[in-house]
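Dropping data_2.cif in here (mmCIF, N, CA and C atoms):
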data_start
#
loop_
_atom_site.group_PDB
_atom_site.id
_atom_site.type_symbol
_atom_site.label_atom_id
_atom_site.label_comp_id
_atom_site.auth_asym_id
_atom_site.auth_seq_id
_atom_site.Cartn_x
_atom_site.Cartn_y
_atom_site.Cartn_z
ATOM 1 N N MET A 1149 180.412 205.739 57.927
ATOM 2 C CA MET A 1149 181.744 205.281 58.235
ATOM 3 C C MET A 1149 182.731 206.403 57.905
ATOM 4 N N THR A 1150 183.626 206.674 58.830
ATOM 5 C CA THR A 1150 184.604 207.732 58.614
ATOM 6 C C THR A 1150 186.010 207.152 58.542
ATOM 7 N N ASN A 1151 186.919 207.890 57.934
ATOM 8 C CA ASN A 1151 188.310 207.457 57.844
ATOM 9 C C ASN A 1151 188.997 207.494 59.200
ATOM 10 N N GLU A 1152 188.652 208.473 60.019
ATOM 11 C CA GLU A 1152 189.402 208.705 61.249
ATOM 12 C C GLU A 1152 188.956 207.841 62.423
ATOM 13 N N VAL A 1153 187.650 207.670 62.605
ATOM 14 C CA VAL A 1153 187.154 206.986 63.812
ATOM 15 C C VAL A 1153 186.157 205.873 63.524
ATOM 16 N N GLY A 1154 185.945 205.534 62.263
ATOM 17 C CA GLY A 1154 184.986 204.482 61.929
ATOM 18 C C GLY A 1154 183.564 205.015 61.951
ATOM 19 N N VAL A 1155 182.663 204.225 62.511
ATOM 20 C CA VAL A 1155 181.240 204.563 62.523
ATOM 21 C C VAL A 1155 180.963 205.680 63.526
ATOM 22 N N VAL A 1156 180.170 206.654 63.104
ATOM 23 C CA VAL A 1156 179.680 207.687 64.013
ATOM 24 C C VAL A 1156 178.157 207.656 63.963
ATOM 25 N N THR A 1157 177.539 207.798 65.112
ATOM 26 C CA THR A 1157 176.083 207.793 65.196
ATOM 27 C C THR A 1157 175.647 208.914 66.115
ATOM 28 N N GLY A 1158 174.382 209.202 66.078
ATOM 29 C CA GLY A 1158 173.843 210.259 66.923
ATOM 30 C C GLY A 1158 173.512 211.474 66.091
ATOM 31 N N GLU A 1159 173.406 212.601 66.756
ATOM 32 C CA GLU A 1159 173.082 213.851 66.066
ATOM 33 C C GLU A 1159 174.335 214.380 65.382
ATOM 34 N N LEU A 1160 174.299 214.392 64.051
ATOM 35 C CA LEU A 1160 175.466 214.761 63.254
ATOM 36 C C LEU A 1160 175.190 215.987 62.407
ATOM 37 N N GLU A 1161 176.267 216.665 62.049
ATOM 38 C CA GLU A 1161 176.217 217.755 61.088
ATOM 39 C C GLU A 1161 177.042 217.330 59.882
ATOM 40 N N LEU A 1162 176.588 217.719 58.699
ATOM 41 C CA LEU A 1162 177.258 217.362 57.455
ATOM 42 C C LEU A 1162 177.839 218.601 56.811
ATOM 43 N N ARG A 1163 179.069 218.467 56.326
ATOM 44 C CA ARG A 1163 179.701 219.541 55.559
ATOM 45 C C ARG A 1163 180.093 218.965 54.208
ATOM 46 N N THR A 1164 179.645 219.605 53.155
ATOM 47 C CA THR A 1164 180.063 219.216 51.814
ATOM 48 C C THR A 1164 180.694 220.428 51.141
ATOM 49 N N SER A 1165 181.667 220.164 50.292
ATOM 50 C CA SER A 1165 182.226 221.226 49.468
ATOM 51 C C SER A 1165 182.473 220.647 48.083
ATOM 52 N N CYS A 1166 182.434 221.510 47.102
ATOM 53 C CA CYS A 1166 182.557 221.064 45.717
ATOM 54 C C CYS A 1166 183.574 221.942 45.009
ATOM 55 N N GLY A 1167 184.600 221.295 44.436
ATOM 56 C CA GLY A 1167 185.602 222.022 43.674
ATOM 57 C C GLY A 1167 185.085 222.422 42.306
ATOM 58 N N ASP A 1168 185.828 223.276 41.645
ATOM 59 C CA ASP A 1168 185.445 223.726 40.301
ATOM 60 C C ASP A 1168 185.344 222.574 39.308
ATOM 61 N N ASP A 1169 186.060 221.478 39.582
ATOM 62 C CA ASP A 1169 186.031 220.317 38.696
ATOM 63 C C ASP A 1169 184.949 219.311 39.087
ATOM 64 N N GLY A 1170 184.122 219.646 40.100
ATOM 65 C CA GLY A 1170 183.043 218.767 40.528
ATOM 66 C C GLY A 1170 183.415 217.801 41.628
ATOM 67 N N THR A 1171 184.679 217.832 42.079
ATOM 68 C CA THR A 1171 185.118 216.938 43.149
ATOM 69 C C THR A 1171 184.432 217.322 44.454
ATOM 70 N N LEU A 1172 183.796 216.328 45.083
ATOM 71 C CA LEU A 1172 183.093 216.551 46.349
ATOM 72 C C LEU A 1172 183.961 216.120 47.521
ATOM 73 N N SER A 1173 183.912 216.896 48.585
ATOM 74 C CA SER A 1173 184.504 216.517 49.863
ATOM 75 C C SER A 1173 183.357 216.429 50.859
ATOM 76 N N LEU A 1174 183.313 215.331 51.626
ATOM 77 C CA LEU A 1174 182.221 215.078 52.559
ATOM 78 C C LEU A 1174 182.794 214.840 53.951
ATOM 79 N N ALA A 1175 182.216 215.499 54.953
ATOM 80 C CA ALA A 1175 182.663 215.316 56.329
ATOM 81 C C ALA A 1175 181.468 215.446 57.268
ATOM 82 N N VAL A 1176 181.562 214.784 58.422
ATOM 83 C CA VAL A 1176 180.533 214.877 59.455
ATOM 84 C C VAL A 1176 181.201 215.192 60.787
ATOM 85 N N ARG A 1177 180.406 215.717 61.687
ATOM 86 C CA ARG A 1177 180.849 215.917 63.062
ATOM 87 C C ARG A 1177 179.644 215.762 63.967
ATOM 88 N N TYR A 1178 179.930 215.456 65.220
ATOM 89 C CA TYR A 1178 178.853 215.433 66.202
ATOM 90 C C TYR A 1178 178.342 216.860 66.352
ATOM 91 N N ALA A 1179 177.032 217.028 66.480
ATOM 92 C CA ALA A 1179 176.427 218.355 66.554
ATOM 93 C C ALA A 1179 177.131 219.207 67.602
ATOM 94 N N GLY A 1180 177.611 220.351 67.187
ATOM 95 C CA GLY A 1180 178.251 221.302 68.077
ATOM 96 C C GLY A 1180 179.720 221.031 68.369
ATOM 97 N N ALA A 1181 180.256 219.925 67.897
ATOM 98 C CA ALA A 1181 181.660 219.590 68.151
ATOM 99 C C ALA A 1181 182.574 220.397 67.225
ATOM 100 N N ASP A 1182 183.862 220.384 67.526
ATOM 101 C CA ASP A 1182 184.837 221.100 66.704
ATOM 102 C C ASP A 1182 185.447 220.230 65.610
ATOM 103 N N GLU A 1183 185.611 218.951 65.871
ATOM 104 C CA GLU A 1183 186.349 218.079 64.976
ATOM 105 C C GLU A 1183 185.456 217.456 63.903
ATOM 106 N N TRP A 1184 185.907 217.578 62.654
ATOM 107 C CA TRP A 1184 185.214 216.999 61.511
ATOM 108 C C TRP A 1184 185.872 215.681 61.138
ATOM 109 N N TYR A 1185 185.078 214.712 60.654
ATOM 110 C CA TYR A 1185 185.564 213.408 60.226
ATOM 111 C C TYR A 1185 185.206 213.196 58.759
ATOM 112 N N THR A 1186 186.174 212.769 57.983
ATOM 113 C CA THR A 1186 185.981 212.543 56.557
ATOM 114 C C THR A 1186 185.175 211.273 56.324
ATOM 115 N N ILE A 1187 184.152 211.384 55.492
ATOM 116 C CA ILE A 1187 183.346 210.209 55.151
ATOM 117 C C ILE A 1187 184.178 209.295 54.265
ATOM 118 N N GLN A 1188 184.157 208.010 54.606
ATOM 119 C CA GLN A 1188 184.975 207.029 53.909
ATOM 120 C C GLN A 1188 184.585 206.930 52.447
ATOM 121 N N GLY A 1189 185.556 206.745 51.625
ATOM 122 C CA GLY A 1189 185.358 206.647 50.188
ATOM 123 C C GLY A 1189 186.221 207.682 49.487
ATOM 124 N N HIS A 1190 186.152 207.693 48.182
ATOM 125 C CA HIS A 1190 186.956 208.647 47.436
ATOM 126 C C HIS A 1190 186.365 208.845 46.051
ATOM 127 N N ASP A 1191 186.900 209.809 45.375
ATOM 128 C CA ASP A 1191 186.503 210.104 44.004
ATOM 129 C C ASP A 1191 185.022 210.432 43.854
ATOM 130 N N TYR A 1192 184.464 211.150 44.843
ATOM 131 C CA TYR A 1192 183.106 211.656 44.693
ATOM 132 C C TYR A 1192 183.172 212.828 43.730
ATOM 133 N N ARG A 1193 182.422 212.748 42.656
ATOM 134 C CA ARG A 1193 182.497 213.802 41.654
ATOM 135 C C ARG A 1193 181.131 214.011 41.017
ATOM 136 N N LEU A 1194 180.778 215.278 40.842
ATOM 137 C CA LEU A 1194 179.544 215.650 40.156
ATOM 138 C C LEU A 1194 179.860 215.964 38.707
ATOM 139 N N HIS A 1195 178.951 215.612 37.832
ATOM 140 C CA HIS A 1195 179.125 215.971 36.422
ATOM 141 C C HIS A 1195 178.844 217.453 36.216
ATOM 142 N N ASP A 1196 178.021 218.012 37.091
ATOM 143 C CA ASP A 1196 177.672 219.433 36.995
ATOM 144 C C ASP A 1196 177.736 220.027 38.400
ATOM 145 N N VAL A 1197 178.618 220.997 38.612
ATOM 146 C CA VAL A 1197 178.797 221.575 39.954
ATOM 147 C C VAL A 1197 177.526 222.249 40.473
ATOM 148 N N ARG A 1198 176.596 222.570 39.591
ATOM 149 C CA ARG A 1198 175.337 223.171 40.035
ATOM 150 C C ARG A 1198 174.484 222.195 40.831
ATOM 151 N N ASP A 1199 174.812 220.906 40.778
ATOM 152 C CA ASP A 1199 174.075 219.892 41.529
ATOM 153 C C ASP A 1199 174.534 219.782 42.992
ATOM 154 N N HIS A 1200 175.562 220.514 43.365
ATOM 155 C CA HIS A 1200 176.116 220.399 44.716
ATOM 156 C C HIS A 1200 175.061 220.604 45.801
ATOM 157 N N GLU A 1201 174.288 221.652 45.708
ATOM 158 C CA GLU A 1201 173.279 221.927 46.747
ATOM 159 C C GLU A 1201 172.245 220.804 46.842
ATOM 160 N N VAL A 1202 171.825 220.278 45.707
ATOM 161 C CA VAL A 1202 170.845 219.189 45.691
ATOM 162 C C VAL A 1202 171.429 217.937 46.349
ATOM 163 N N VAL A 1203 172.664 217.610 46.021
ATOM 164 C CA VAL A 1203 173.317 216.436 46.618
ATOM 165 C C VAL A 1203 173.485 216.639 48.114
ATOM 166 N N HIS A 1204 173.858 217.836 48.542
ATOM 167 C CA HIS A 1204 174.000 218.120 49.970
ATOM 168 C C HIS A 1204 172.668 217.877 50.696
ATOM 169 N N ARG A 1205 171.578 218.427 50.168
ATOM 170 C CA ARG A 1205 170.266 218.241 50.800
ATOM 171 C C ARG A 1205 169.857 216.773 50.835
ATOM 172 N N LEU A 1206 170.139 216.045 49.764
ATOM 173 C CA LEU A 1206 169.832 214.617 49.722
ATOM 174 C C LEU A 1206 170.584 213.884 50.841
ATOM 175 N N LEU A 1207 171.868 214.158 51.003
ATOM 176 C CA LEU A 1207 172.654 213.504 52.045
ATOM 177 C C LEU A 1207 172.176 213.885 53.441
ATOM 178 N N VAL A 1208 171.805 215.140 53.654
ATOM 179 C CA VAL A 1208 171.259 215.568 54.951
ATOM 180 C C VAL A 1208 169.997 214.773 55.260
ATOM 181 N N ASN A 1209 169.135 214.601 54.274
ATOM 182 C CA ASN A 1209 167.902 213.843 54.482
ATOM 183 C C ASN A 1209 168.176 212.379 54.802
ATOM 184 N N VAL A 1210 169.181 211.801 54.164
ATOM 185 C CA VAL A 1210 169.540 210.409 54.478
ATOM 186 C C VAL A 1210 170.040 210.306 55.909
ATOM 187 N N LEU A 1211 170.881 211.250 56.325
ATOM 188 C CA LEU A 1211 171.383 211.230 57.709
ATOM 189 C C LEU A 1211 170.270 211.444 58.722
ATOM 190 N N ALA A 1212 169.236 212.205 58.350
ATOM 191 C CA ALA A 1212 168.164 212.544 59.293
ATOM 192 C C ALA A 1212 167.065 211.507 59.370
ATOM 193 N N ARG A 1213 167.043 210.538 58.466
ATOM 194 C CA ARG A 1213 165.941 209.579 58.497
ATOM 195 C C ARG A 1213 166.054 208.687 59.732
ATOM 196 N N PRO A 1214 164.900 208.330 60.292
ATOM 197 C CA PRO A 1214 164.909 207.486 61.492
ATOM 198 C C PRO A 1214 165.402 206.084 61.181
ATOM 199 N N THR A 1215 166.063 205.492 62.149
ATOM 200 C CA THR A 1215 166.481 204.104 61.994
ATOM 201 C C THR A 1215 165.331 203.198 62.398
ATOM 202 N N VAL A 1216 165.273 202.057 61.777
ATOM 203 C CA VAL A 1216 164.175 201.121 62.030
ATOM 204 C C VAL A 1216 164.611 200.052 62.997
#
Could you quickly redo this structure as structure tokens?
Amino acid sequence: MTNEVGVVTGELELRTSCGDDGTLSLAVRYAGADEWYTIQGHDYRLHDVRDHEVVHRLLVNVLARPTV
């Protein structure tokens, strides 16, 4: 679910960024598109910024899993 357009489905790309304080920003876009959509929610924060890459990979895997 995104803030801008609601539910997005299909082939998506994920962008995550992590501030020095551990604050995460999450966005998706349709593969190859220009416009990014913010994932709904707020206050995503890591206790340790070194976990950013692991969290990114985990989210990519969730997005890539087949629907049943």
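Distances from A:Tyr1178, A:Gly1189, A:Glu1183, A:His1204 to Thr1164 (chain A) were compared using all atoms listed in the file, and the smallest one belongs to A:His1204.
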What does the distance from CA of Val1197 (chain A) to CA of Gly1180 (chain A) come to in Å, to one decimal?
->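 Result for CA of Val1197 (chain A) versus CA of Gly1180 (chain A): 28.1 Å, one decimal.
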Using the chain letters and residue numbers of this document, give as a CSV table (one decimal) with N, CA and C atoms, keeping the file's coordinate frame the residues selected by the PyMOL selection byres (((chain A and resi 1172 and name CA) around 8) and name CA).
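File written: expr-v4.csv
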chain,number,residue,atom,x,y,z
A,1164,THR,N,179.6,219.6,53.2
A,1164,THR,CA,180.1,219.2,51.8
A,1164,THR,C,180.7,220.4,51.1
A,1165,SER,N,181.7,220.2,50.3
A,1165,SER,CA,182.2,221.2,49.5
A,1165,SER,C,182.5,220.6,48.1
A,1166,CYS,N,182.4,221.5,47.1
A,1166,CYS,CA,182.6,221.1,45.7
A,1166,CYS,C,183.6,221.9,45.0
A,1167,GLY,N,184.6,221.3,44.4
A,1167,GLY,CA,185.6,222.0,43.7
A,1167,GLY,C,185.1,222.4,42.3
A,1170,GLY,N,184.1,219.6,40.1
A,1170,GLY,CA,183.0,218.8,40.5
A,1170,GLY,C,183.4,217.8,41.6
A,1171,THR,N,184.7,217.8,42.1
A,1171,THR,CA,185.1,216.9,43.1
A,1171,THR,C,184.4,217.3,44.5
A,1173,SER,N,183.9,216.9,48.6
A,1173,SER,CA,184.5,216.5,49.9
A,1173,SER,C,183.4,216.4,50.9
A,1174,LEU,N,183.3,215.3,51.6
A,1174,LEU,CA,182.2,215.1,52.6
A,1174,LEU,C,182.8,214.8,54.0
A,1191,ASP,N,186.9,209.8,45.4
A,1191,ASP,CA,186.5,210.1,44.0
A,1191,ASP,C,185.0,210.4,43.9
A,1192,TYR,N,184.5,211.2,44.8
A,1192,TYR,CA,183.1,211.7,44.7
A,1192,TYR,C,183.2,212.8,43.7
A,1193,ARG,N,182.4,212.7,42.7
A,1193,ARG,CA,182.5,213.8,41.7
A,1193,ARG,C,181.1,214.0,41.0
A,1194,LEU,N,180.8,215.3,40.8
A,1194,LEU,CA,179.5,215.6,40.2
A,1194,LEU,C,179.9,216.0,38.7
Every residue of region 1164-1207 of chain A that DSSP places in alpha helix (DSSP H), as a PyMOL selection string = chain A and resi 1200-1207
Written as a ChimeraX atom specification, which residues does the PyMOL selection byres ((chain A and resi 1161) around 6) give for the file shown?
-> /A:1159-1160,1162-1163,1175-1179
Quick one: distance from CA of Thr1186 (chain A) to CA of Glu1152 (chain A) in Å, one decimal?
->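 These two atoms are separated by 7.0 Å.
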Please determine the residues with any atom at most 7 Å from (187.5, 206.5, 56.5) (coordinates as given in the file, with all atoms listed in the file counting) and report them as an mmCIF file with N, CA and C atoms, in the coordinates of the input.
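So the final result, stored in result-v8.cif, reads:
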data_model
loop_
_atom_site.group_PDB
_atom_site.id
_atom_site.type_symbol
_atom_site.label_atom_id
_atom_site.label_comp_id
_atom_site.auth_asym_id
_atom_site.auth_seq_id
_atom_site.Cartn_x
_atom_site.Cartn_y
_atom_site.Cartn_z
ATOM 1 N N MET A 1149 180.412 205.739 57.927
ATOM 2 C CA MET A 1149 181.744 205.281 58.235
ATOM 3 C C MET A 1149 182.731 206.403 57.905
ATOM 4 N N THR A 1150 183.626 206.674 58.830
ATOM 5 C CA THR A 1150 184.604 207.732 58.614
ATOM 6 C C THR A 1150 186.010 207.152 58.542
ATOM 7 N N ASN A 1151 186.919 207.890 57.934
ATOM 8 C CA ASN A 1151 188.310 207.457 57.844
ATOM 9 C C ASN A 1151 188.997 207.494 59.200
ATOM 10 N N GLU A 1152 188.652 208.473 60.019
ATOM 11 C CA GLU A 1152 189.402 208.705 61.249
ATOM 12 C C GLU A 1152 188.956 207.841 62.423
ATOM 13 N N VAL A 1153 187.650 207.670 62.605
ATOM 14 C CA VAL A 1153 187.154 206.986 63.812
ATOM 15 C C VAL A 1153 186.157 205.873 63.524
ATOM 16 N N GLY A 1154 185.945 205.534 62.263
ATOM 17 C CA GLY A 1154 184.986 204.482 61.929
ATOM 18 C C GLY A 1154 183.564 205.015 61.951
ATOM 19 N N THR A 1186 186.174 212.769 57.983
ATOM 20 C CA THR A 1186 185.981 212.543 56.557
ATOM 21 C C THR A 1186 185.175 211.273 56.324
ATOM 22 N N ILE A 1187 184.152 211.384 55.492
ATOM 23 C CA ILE A 1187 183.346 210.209 55.151
ATOM 24 C C ILE A 1187 184.178 209.295 54.265
ATOM 25 N N GLN A 1188 184.157 208.010 54.606
ATOM 26 C CA GLN A 1188 184.975 207.029 53.909
ATOM 27 C C GLN A 1188 184.585 206.930 52.447
ATOM 28 N N GLY A 1189 185.556 206.745 51.625
ATOM 29 C CA GLY A 1189 185.358 206.647 50.188
ATOM 30 C C GLY A 1189 186.221 207.682 49.487
#
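Atom to atom, CA of Asp1182 (chain A) and atom C of Asp1199 (chain A) stand 25.9 Å apart.
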Counting only C-alpha atoms, which of A:Val1203, A:Val1156, A:Val1208, A:Arg1198 gets nearest to Tyr1185 (chain A)?
-> A:Val1156
